[in-house]
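> If it helps, the file is called protein_17.txt and holds compact mmCIF, C-alpha atoms:
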```txt
# COMPACT_ATOMS: atom_id res chain seq x y z
CA MET A 1 83.83 10.98 79.22
CA ASN A 2 87.23 12.09 80.46
CA GLN A 3 87.99 14.97 82.80
CA ASP A 4 88.77 17.40 79.98
CA THR A 5 85.42 16.67 78.32
CA ILE A 6 83.58 17.25 81.60
CA LYS A 7 85.31 20.60 82.17
CA GLU A 8 84.52 21.64 78.61
CA LYS A 9 80.83 20.85 79.18
CA LEU A 10 80.77 22.82 82.43
CA LEU A 11 82.19 25.89 80.71
CA LYS A 12 79.55 25.55 77.97
CA ILE A 13 76.84 25.65 80.62
CA GLU A 14 78.27 28.82 82.16
CA ASP A 15 81.69 30.44 82.06
CA ALA A 16 83.62 30.83 85.32
CA PRO A 17 85.13 34.17 86.44
CA LEU A 18 88.06 32.32 88.05
CA GLU A 19 90.11 29.47 86.59
CA PHE A 20 89.61 26.00 88.10
CA SER A 21 90.84 22.48 87.58
CA LEU A 22 88.85 19.26 87.33
CA VAL A 23 90.46 15.89 87.99
CA PHE A 24 89.32 12.29 88.29
CA SER A 25 90.60 10.67 91.46
CA GLY A 26 90.61 7.22 89.90
CA LYS A 27 89.12 6.00 93.18
CA LYS A 28 85.80 4.79 94.54
CA SER A 29 84.37 6.54 97.60
CA LYS A 30 81.54 5.35 99.84
CA LYS A 31 81.09 8.84 101.31
CA VAL A 32 80.90 11.27 98.40
CA ASN A 33 80.91 11.27 94.61
CA GLY A 34 82.94 14.44 94.40
CA LEU A 35 84.26 17.44 96.27
CA TYR A 36 85.45 21.00 95.73
CA LYS A 37 88.55 22.57 97.29
CA PRO A 38 88.10 26.36 97.32
CA ALA A 39 91.70 27.08 98.35
CA SER A 40 93.11 25.43 95.21
CA ARG A 41 89.93 25.88 93.12
CA GLU A 42 89.96 22.16 92.36
CA ILE A 43 87.01 19.88 91.55
CA ILE A 44 87.70 16.23 92.33
CA ILE A 45 85.39 13.54 90.94
CA HIS A 46 85.54 9.97 92.25
CA ASN A 47 84.94 8.56 88.79
CA ARG A 48 84.97 4.92 89.84
CA ASN A 49 81.67 5.59 91.65
CA PHE A 50 79.98 5.66 88.23
CA GLN A 51 79.33 2.90 85.75
CA SER A 52 80.23 3.32 82.09
CA GLY A 53 77.45 4.18 79.67
CA ASP A 54 74.98 7.01 79.15
CA THR A 55 73.32 6.70 82.55
CA GLY A 56 76.62 6.61 84.40
CA ASP A 57 77.96 9.56 82.38
CA ASN A 58 74.83 11.56 83.15
CA LEU A 59 75.16 10.88 86.88
CA LEU A 60 78.85 11.79 86.73
CA LEU A 61 77.95 15.05 85.00
CA TYR A 62 75.32 15.74 87.67
CA THR A 63 78.06 15.45 90.32
CA ALA A 64 80.40 17.65 88.30
CA ILE A 65 77.71 20.35 87.98
CA HIS A 66 77.15 20.17 91.74
CA GLU A 67 80.84 20.76 92.46
CA TYR A 68 81.04 23.43 89.75
CA ALA A 69 78.20 25.24 91.54
CA HIS A 70 80.46 25.37 94.60
CA HIS A 71 83.18 26.94 92.46
CA LEU A 72 80.84 29.57 91.01
CA HIS A 73 79.50 30.25 94.50
CA ALA A 74 83.07 30.80 95.69
CA CYS A 75 83.72 33.09 92.71
CA SER A 76 80.74 35.25 93.73
CA ARG A 77 82.26 35.55 97.22
CA GLY A 78 85.75 36.55 96.09
CA GLY A 79 87.11 33.01 95.94
CA THR A 80 86.12 31.84 99.42
CA LEU A 81 83.30 29.79 100.90
CA SER A 82 81.63 29.96 104.30
CA PRO A 83 81.62 26.85 106.53
CA ARG A 84 77.96 26.32 105.57
CA ALA A 85 78.57 25.69 101.89
CA HIS A 86 75.14 24.21 101.10
CA ASN A 87 73.05 27.33 101.72
CA SER A 88 70.23 28.89 99.67
CA GLU A 89 72.68 30.76 97.43
CA PHE A 90 74.47 27.53 96.54
CA TRP A 91 71.27 25.61 95.76
CA ALA A 92 70.02 28.49 93.61
CA ILE A 93 73.27 28.42 91.59
CA PHE A 94 73.19 24.63 91.30
CA HIS A 95 69.56 24.46 90.18
CA ASP A 96 70.13 27.28 87.68
CA LEU A 97 73.08 25.37 86.21
CA LEU A 98 70.96 22.22 85.87
CA ASP A 99 68.24 24.19 84.06
CA LYS A 100 70.79 25.70 81.65
CA ALA A 101 72.44 22.31 81.08
CA GLN A 102 69.08 20.76 80.19
CA GLU A 103 68.20 23.65 77.85
CA LYS A 104 71.52 23.18 76.06
CA LYS A 105 71.00 19.39 76.00
CA ILE A 106 74.26 18.84 77.87
CA TYR A 107 72.54 17.05 80.74
CA SER A 108 69.35 14.94 81.03
CA ASP A 109 67.14 15.28 84.09
CA ILE A 110 67.76 12.17 86.19
CA PHE A 111 64.33 12.48 87.83
CA SER A 112 62.50 12.13 84.51
CA VAL A 113 63.89 8.76 83.40
CA SER A 114 61.74 6.64 85.71
CA PRO A 115 58.02 6.32 84.80
CA GLU A 116 57.33 5.08 88.33
CA LEU A 117 58.99 8.14 89.88
CA LEU A 118 57.13 10.50 87.52
CA LYS A 119 53.81 8.87 88.44
CA LEU A 120 54.63 9.19 92.13
CA THR A 121 55.63 12.84 91.62
CA ASP A 122 52.23 13.61 90.07
CA LEU A 123 50.49 11.86 92.98
CA ILE A 124 52.43 13.82 95.61
CA ARG A 125 51.87 17.14 93.84
CA ASP A 126 48.16 16.69 93.18
CA LYS A 127 46.96 14.74 96.20
CA TYR A 128 49.18 16.16 98.93
CA LEU A 129 50.87 19.44 98.00
CA LYS A 130 47.83 20.93 96.28
CA ASN A 131 45.31 19.53 98.77
CA ASN A 132 47.42 20.76 101.67
CA GLY A 133 47.57 24.23 100.11
CA GLU A 134 43.79 24.24 99.59
CA LEU A 135 43.23 23.26 103.23
CA VAL A 136 45.49 26.10 104.40
CA LYS A 137 43.51 28.62 102.33
CA GLU A 138 40.21 27.20 103.56
CA MET A 139 41.41 27.47 107.15
CA GLY A 140 42.41 31.06 106.49
CA LYS A 141 38.86 31.87 105.35
CA HIS A 142 37.40 30.42 108.56
CA LEU A 143 40.02 32.13 110.71
CA ILE A 144 38.87 35.48 109.31
CA LYS A 145 35.32 34.60 110.40
CA ALA A 146 36.63 33.67 113.85
CA HIS A 147 38.51 36.99 114.01
CA ASN A 148 35.31 38.92 113.27
CA LEU A 149 33.36 36.97 115.89
CA CYS A 150 36.06 37.61 118.49
CA PHE A 151 35.85 41.33 117.68
CA LYS A 152 32.07 41.29 118.20
CA LEU A 153 32.48 39.48 121.51
CA GLY A 154 35.16 41.92 122.65
CA VAL A 155 37.83 39.26 123.10
CA ARG A 156 41.31 39.00 121.64
CA PHE A 157 41.60 36.88 118.51
CA GLU A 158 45.23 36.09 119.44
CA ASP A 159 44.05 34.59 122.73
CA TYR A 160 41.52 32.48 120.82
CA VAL A 161 44.33 31.21 118.55
CA ASP A 162 46.56 30.49 121.56
CA ARG A 163 44.07 28.86 123.92
CA MET A 164 41.30 27.43 121.78
CA LEU A 165 43.00 26.42 118.54
CA ARG A 166 46.39 25.90 120.19
CA ILE A 167 48.34 26.73 117.04
CA PRO A 168 51.21 29.22 116.57
CA ARG A 169 50.00 32.72 115.73
CA ALA A 170 52.39 32.77 112.77
CA ALA A 171 50.60 29.72 111.32
CA ALA A 172 47.22 31.40 111.73
CA ASN A 173 48.46 34.63 110.12
CA MET A 174 49.97 32.67 107.24
CA ALA A 175 46.68 30.89 106.57
CA ILE A 176 44.75 34.18 106.64
CA LYS A 177 47.18 35.86 104.24
CA SER A 178 47.13 32.82 101.94
CA PHE A 179 43.37 33.30 101.60
CA GLU A 180 43.52 37.09 101.33
CA TYR A 181 46.30 36.97 98.71
CA ASP A 182 44.47 34.15 96.88
CA LEU A 183 47.67 32.12 96.55
CA LEU A 184 47.75 29.15 94.21
CA PRO A 185 47.47 26.00 96.37
CA GLU A 186 49.53 23.87 93.97
CA VAL A 187 52.73 25.51 95.23
CA GLY A 188 52.15 23.79 98.59
CA ALA A 189 51.81 25.09 102.14
CA ASP A 190 55.53 25.66 102.74
CA ASN A 191 55.91 27.81 99.65
CA MET A 192 52.69 29.63 100.55
CA ARG A 193 54.30 30.52 103.87
CA PHE A 194 57.25 32.03 102.00
CA LEU A 195 54.97 33.91 99.59
CA THR A 196 52.92 35.47 102.39
CA GLY A 197 56.12 37.12 103.61
CA ILE A 198 56.44 39.11 100.37
CA ARG A 199 54.59 42.39 100.86
CA ASP A 200 54.77 43.74 97.32
CA SER A 201 51.92 42.15 95.34
CA ASP A 202 53.72 42.26 91.97
CA GLU A 203 56.84 40.72 93.47
CA ARG A 204 54.73 38.07 95.21
CA LYS A 205 52.94 37.18 91.97
CA ALA A 206 56.26 36.95 90.13
CA ALA A 207 57.67 34.62 92.80
CA GLU A 208 54.52 32.49 92.71
CA ALA A 209 54.68 32.25 88.91
CA ALA A 210 58.33 31.17 89.08
CA LEU A 211 57.43 28.38 91.52
CA VAL A 212 54.57 27.19 89.30
CA LYS A 213 56.92 27.14 86.27
CA GLY A 214 59.28 24.81 88.12
CA LYS A 215 61.87 27.04 89.72
CA SER A 216 63.15 25.67 93.02
CA PRO A 217 62.21 27.49 96.26
CA ASP A 218 65.86 28.40 96.90
CA SER A 219 66.20 29.93 93.42
CA VAL A 220 63.08 32.05 93.94
CA LYS A 221 64.09 33.12 97.44
CA VAL A 222 67.53 34.23 96.28
CA GLN A 223 65.97 36.18 93.42
CA VAL A 224 63.59 37.94 95.84
CA ARG A 225 66.49 38.81 98.14
CA LYS A 226 68.42 40.26 95.18
CA LYS A 227 65.48 42.51 94.33
CA ASP A 228 65.28 43.65 97.95
CA LYS A 229 68.96 44.56 97.87
CA GLU A 230 68.40 46.58 94.70
CA GLU A 231 65.98 48.91 96.50
CA ASP A 232 66.77 52.60 96.54
CA PRO A 233 69.11 53.39 99.50
CA LEU A 234 66.99 56.40 100.45
CA GLU A 235 63.87 54.22 100.51
CA LEU A 236 65.64 51.68 102.70
CA LEU A 237 66.65 54.43 105.13
CA GLU A 238 63.07 55.72 105.23
CA LYS A 239 61.81 52.24 106.04
CA GLU A 240 64.41 51.83 108.78
CA LYS A 241 63.47 55.26 110.17
CA SER A 242 59.80 54.23 110.31
CA ARG A 243 60.66 50.97 112.06
CA LEU A 244 62.81 52.77 114.61
CA GLU A 245 60.11 55.37 115.26
CA ARG A 246 57.54 52.63 115.86
CA THR A 247 59.92 50.83 118.19
CA ILE A 248 60.71 54.01 120.13
CA ALA A 249 57.00 54.84 120.46
CA SER A 250 56.30 51.33 121.73
CA LEU A 251 59.17 51.50 124.23
CA ASN A 252 58.09 54.94 125.46
CA LYS A 253 54.57 53.66 126.00
CA ARG A 254 55.88 50.68 127.97
CA LEU A 255 58.19 52.99 129.95
CA GLU A 256 55.23 55.12 131.04
CA GLU A 257 53.34 51.99 132.08
CA VAL A 258 56.29 50.79 134.15
CA LYS A 259 56.61 54.22 135.80
CA ARG A 260 52.93 54.15 136.77
CA GLU A 261 53.26 50.63 138.14
CA LEU A 262 56.33 51.63 140.16
CA LYS A 263 54.55 54.69 141.53
CA LYS A 264 51.53 52.61 142.50
CA ALA A 265 53.69 49.96 144.14
CA ALA A 266 55.56 52.62 146.13
CA SER A 267 52.31 54.20 147.40
CA ASP A 268 50.94 50.80 148.49
```
Would you give me this structure, written as structure tokens?

Amino acid sequence: MNQDTIKEKLLKIEDAPLEFSLVFSGKKSKKVNGLYKPASREIIIHNRNFQSGDTGDNLLLYTAIHEYAHHLHACSRGGTLSPRAHNSEFWAIFHDLLDKAQEKKIYSDIFSVSPELLKLTDLIRDKYLKNNGELVKEMGKHLIKAHNLCFKLGVRFEDYVDRMLRIPRAAANMAIKSFEYDLLPEVGADNMRFLTGIRDSDERKAAEAALVKGKSPDSVKVQVRKKDKEEDPLELLEKEKSRLERTIASLNKRLEEVKRELKKAASD
């Protein structure tokens, strides 16, 4: 494949709002297979890093799609990129491009060509990711029991988590919510943590379903953030108002406590 063929394939995957160029450097690089220059909107592929043949062409195309994702990311930001180019938005764009390229049979998934790797993937998913998720849910069930016992004893559950279990409160809350929301353990503990942060049940179920279907965590997170941004401005203001009112009430309560403590200290 030459550079014109590669560019043609990229545009078939998804059109670009801004024009770009794609060139082969004719060199071999030990550091990177390719790079993107946002200032000149230029994709450079170190084509001598790849062997000739179907496998080499597929790997070359994988690199080209990666750099093209940088270009599309820059297009979405008015033609510029932040210093941290490999953020969640980038990975979401890149993974979406790979999915489209596979659907259009332009690119073959490089992770599916090795039977040994596929077997290992199944092992990791079933034995570790799923089991880990099940353990988190099971712990959440027992933490709820511990919470109820602490309430009966008149002691703080948070203190029990801090001093007896010696785990972060956020981890305990995540386990409890994972059980209460009945999350699917096959998504794994890390994705369960992300899902427990989604308050809307329909939105949470949609995100969970996307993960189960094979969408990458970054793609799902970006999609959730987009939905949050699409909220009604009035509703967002109401939510901010409620947060501010709660904060003010909490600060006023603390202020009164400090005043009493100061008064007591002065009298002593």
> So which residues are close to (53.6, 26.6, 94.7), meaning at most 6 Å away in the file's coordinates with all atoms listed in the file counted, and can you show them as a PyMOL selection string?
chain A and resi 186-188+191+211-212
> Using only C-alpha atoms, please write the residues we just selected to a file, as a tab-separated table (two decimals), keeping the file's coordinate frame.

```tsv
chain	number	residue	atom	x	y	z
A	186	GLU	CA	49.53	23.87	93.97
A	187	VAL	CA	52.73	25.51	95.23
A	188	GLY	CA	52.15	23.79	98.59
A	191	ASN	CA	55.91	27.81	99.65
A	211	LEU	CA	57.43	28.38	91.52
A	212	VAL	CA	54.57	27.19	89.30
```
> Kindly list the centre and edge lengths in Å, rounded to one decimal, for the axis-aligned box that covers all listed atoms of region 57-66 of chain A plus 3 Å on each of its six sides, as AutoDock Vina command-line options.

```
--center_x 77.6 --center_y 15.0 --center_z 87.1 --size_x 11.6 --size_y 16.8 --size_z 15.4
```
> One decimal, in Å: what's the spacing between CA of Arg246 (chain A) and CA of Lys264 (chain A)?
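So the two atoms, CA of Arg246 (chain A) and CA of Lys264 (chain A), lie 27.3 Å apart.
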> Name the closest residue to Pro38 (chain A) among the candidates A:Thr121, A:Ser112, A:Thr80, A:Gln51; distances are taken between atoms, counting only C-alpha atoms.
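Result for the nearest residue to Pro38 (chain A): A:Thr80.
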> Using all atoms listed in the file, which residue out of A:Lys37, A:Val113, A:Ile106, A:Pro185 lies closest to Ala85 (chain A)?
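For Ala85 (chain A), the nearest of the candidates is A:Lys37.
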> In the coordinate frame of the file, compute which residues have an atom within 10 Å of (54.1, 28.9, 103.0) when using all atoms listed in the file, and state them as an NGL selection string.
:A and (133 or 136 or 171 or 174-175 or 177-178 or 183 or 185 or 187-197)
> Those same residues - C-alpha atoms - I'd like them written as a PDB file, keeping the file's coordinate frame.

```pdb
ATOM      1  CA  GLY A 133      47.570  24.230 100.110  1.00  0.00           C
ATOM      2  CA  VAL A 136      45.490  26.100 104.400  1.00  0.00           C
ATOM      3  CA  ALA A 171      50.600  29.720 111.320  1.00  0.00           C
ATOM      4  CA  MET A 174      49.970  32.670 107.240  1.00  0.00           C
ATOM      5  CA  ALA A 175      46.680  30.890 106.570  1.00  0.00           C
ATOM      6  CA  LYS A 177      47.180  35.860 104.240  1.00  0.00           C
ATOM      7  CA  SER A 178      47.130  32.820 101.940  1.00  0.00           C
ATOM      8  CA  LEU A 183      47.670  32.120  96.550  1.00  0.00           C
ATOM      9  CA  PRO A 185      47.470  26.000  96.370  1.00  0.00           C
ATOM     10  CA  VAL A 187      52.730  25.510  95.230  1.00  0.00           C
ATOM     11  CA  GLY A 188      52.150  23.790  98.590  1.00  0.00           C
ATOM     12  CA  ALA A 189      51.810  25.090 102.140  1.00  0.00           C
ATOM     13  CA  ASP A 190      55.530  25.660 102.740  1.00  0.00           C
ATOM     14  CA  ASN A 191      55.910  27.810  99.650  1.00  0.00           C
ATOM     15  CA  MET A 192      52.690  29.630 100.550  1.00  0.00           C
ATOM     16  CA  ARG A 193      54.300  30.520 103.870  1.00  0.00           C
ATOM     17  CA  PHE A 194      57.250  32.030 102.000  1.00  0.00           C
ATOM     18  CA  LEU A 195      54.970  33.910  99.590  1.00  0.00           C
ATOM     19  CA  THR A 196      52.920  35.470 102.390  1.00  0.00           C
ATOM     20  CA  GLY A 197      56.120  37.120 103.610  1.00  0.00           C
TER      21      GLY A 197
END
```
> Tell me which of A:Ala69, A:Leu251, A:Ala101, A:Leu11 sits closest to Asn87 (chain A), counting only C-alpha atoms.
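Among A:Ala69, A:Leu251, A:Ala101, A:Leu11, it is A:Ala69 that comes nearest to Asn87 (chain A).
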> In Å, how far is it from CA of Arg41 (chain A) to CA of Ser76 (chain A)?
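Separation between CA of Arg41 (chain A) and CA of Ser76 (chain A): 13.1 Å.
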> As an exercise, work out the distance from CA of Arg156 (chain A) to CA of Asn173 (chain A) in Å and give it to one decimal place.
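CA of Arg156 (chain A) sits 14.2 Å away from CA of Asn173 (chain A).
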> Could you model N, CA, C and O atoms for region 121-132 of chain A and present them as a CSV table (one decimal), in the coordinates of the input?

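In the end it all went to rebuild01.csv:
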```csv
chain,number,residue,atom,x,y,z
A,121,THR,N,55.5,11.4,91.5
A,121,THR,CA,55.6,12.8,91.6
A,121,THR,C,54.3,13.5,91.4
A,121,THR,O,53.9,14.4,92.1
A,122,ASP,N,53.6,13.1,90.4
A,122,ASP,CA,52.2,13.6,90.1
A,122,ASP,C,51.3,13.4,91.2
A,122,ASP,O,50.5,14.3,91.6
A,123,LEU,N,51.3,12.2,91.8
A,123,LEU,CA,50.5,11.9,93.0
A,123,LEU,C,50.8,12.8,94.2
A,123,LEU,O,49.8,13.3,94.8
A,124,ILE,N,52.0,13.0,94.5
A,124,ILE,CA,52.4,13.8,95.6
A,124,ILE,C,52.0,15.3,95.4
A,124,ILE,O,51.5,15.9,96.3
A,125,ARG,N,52.2,15.7,94.1
A,125,ARG,CA,51.9,17.1,93.8
A,125,ARG,C,50.4,17.4,93.9
A,125,ARG,O,49.9,18.3,94.5
A,126,ASP,N,49.6,16.5,93.3
A,126,ASP,CA,48.2,16.7,93.2
A,126,ASP,C,47.4,16.3,94.5
A,126,ASP,O,46.5,17.1,94.9
A,127,LYS,N,47.7,15.2,95.1
A,127,LYS,CA,47.0,14.7,96.2
A,127,LYS,C,47.4,15.4,97.5
A,127,LYS,O,46.6,15.5,98.4
A,128,TYR,N,48.7,15.7,97.6
A,128,TYR,CA,49.2,16.2,98.9
A,128,TYR,C,49.6,17.6,98.9
A,128,TYR,O,49.0,18.4,99.7
A,129,LEU,N,50.5,18.0,98.0
A,129,LEU,CA,50.9,19.4,98.0
A,129,LEU,C,49.7,20.4,97.7
A,129,LEU,O,49.4,21.3,98.4
A,130,LYS,N,49.0,20.1,96.6
A,130,LYS,CA,47.8,20.9,96.3
A,130,LYS,C,46.7,20.9,97.3
A,130,LYS,O,46.2,21.9,97.7
A,131,ASN,N,46.4,19.7,97.8
A,131,ASN,CA,45.3,19.5,98.8
A,131,ASN,C,45.7,20.2,100.1
A,131,ASN,O,44.8,20.9,100.7
A,132,ASN,N,47.0,20.1,100.5
A,132,ASN,CA,47.4,20.8,101.7
A,132,ASN,C,47.3,22.3,101.5
A,132,ASN,O,46.9,23.0,102.5
```
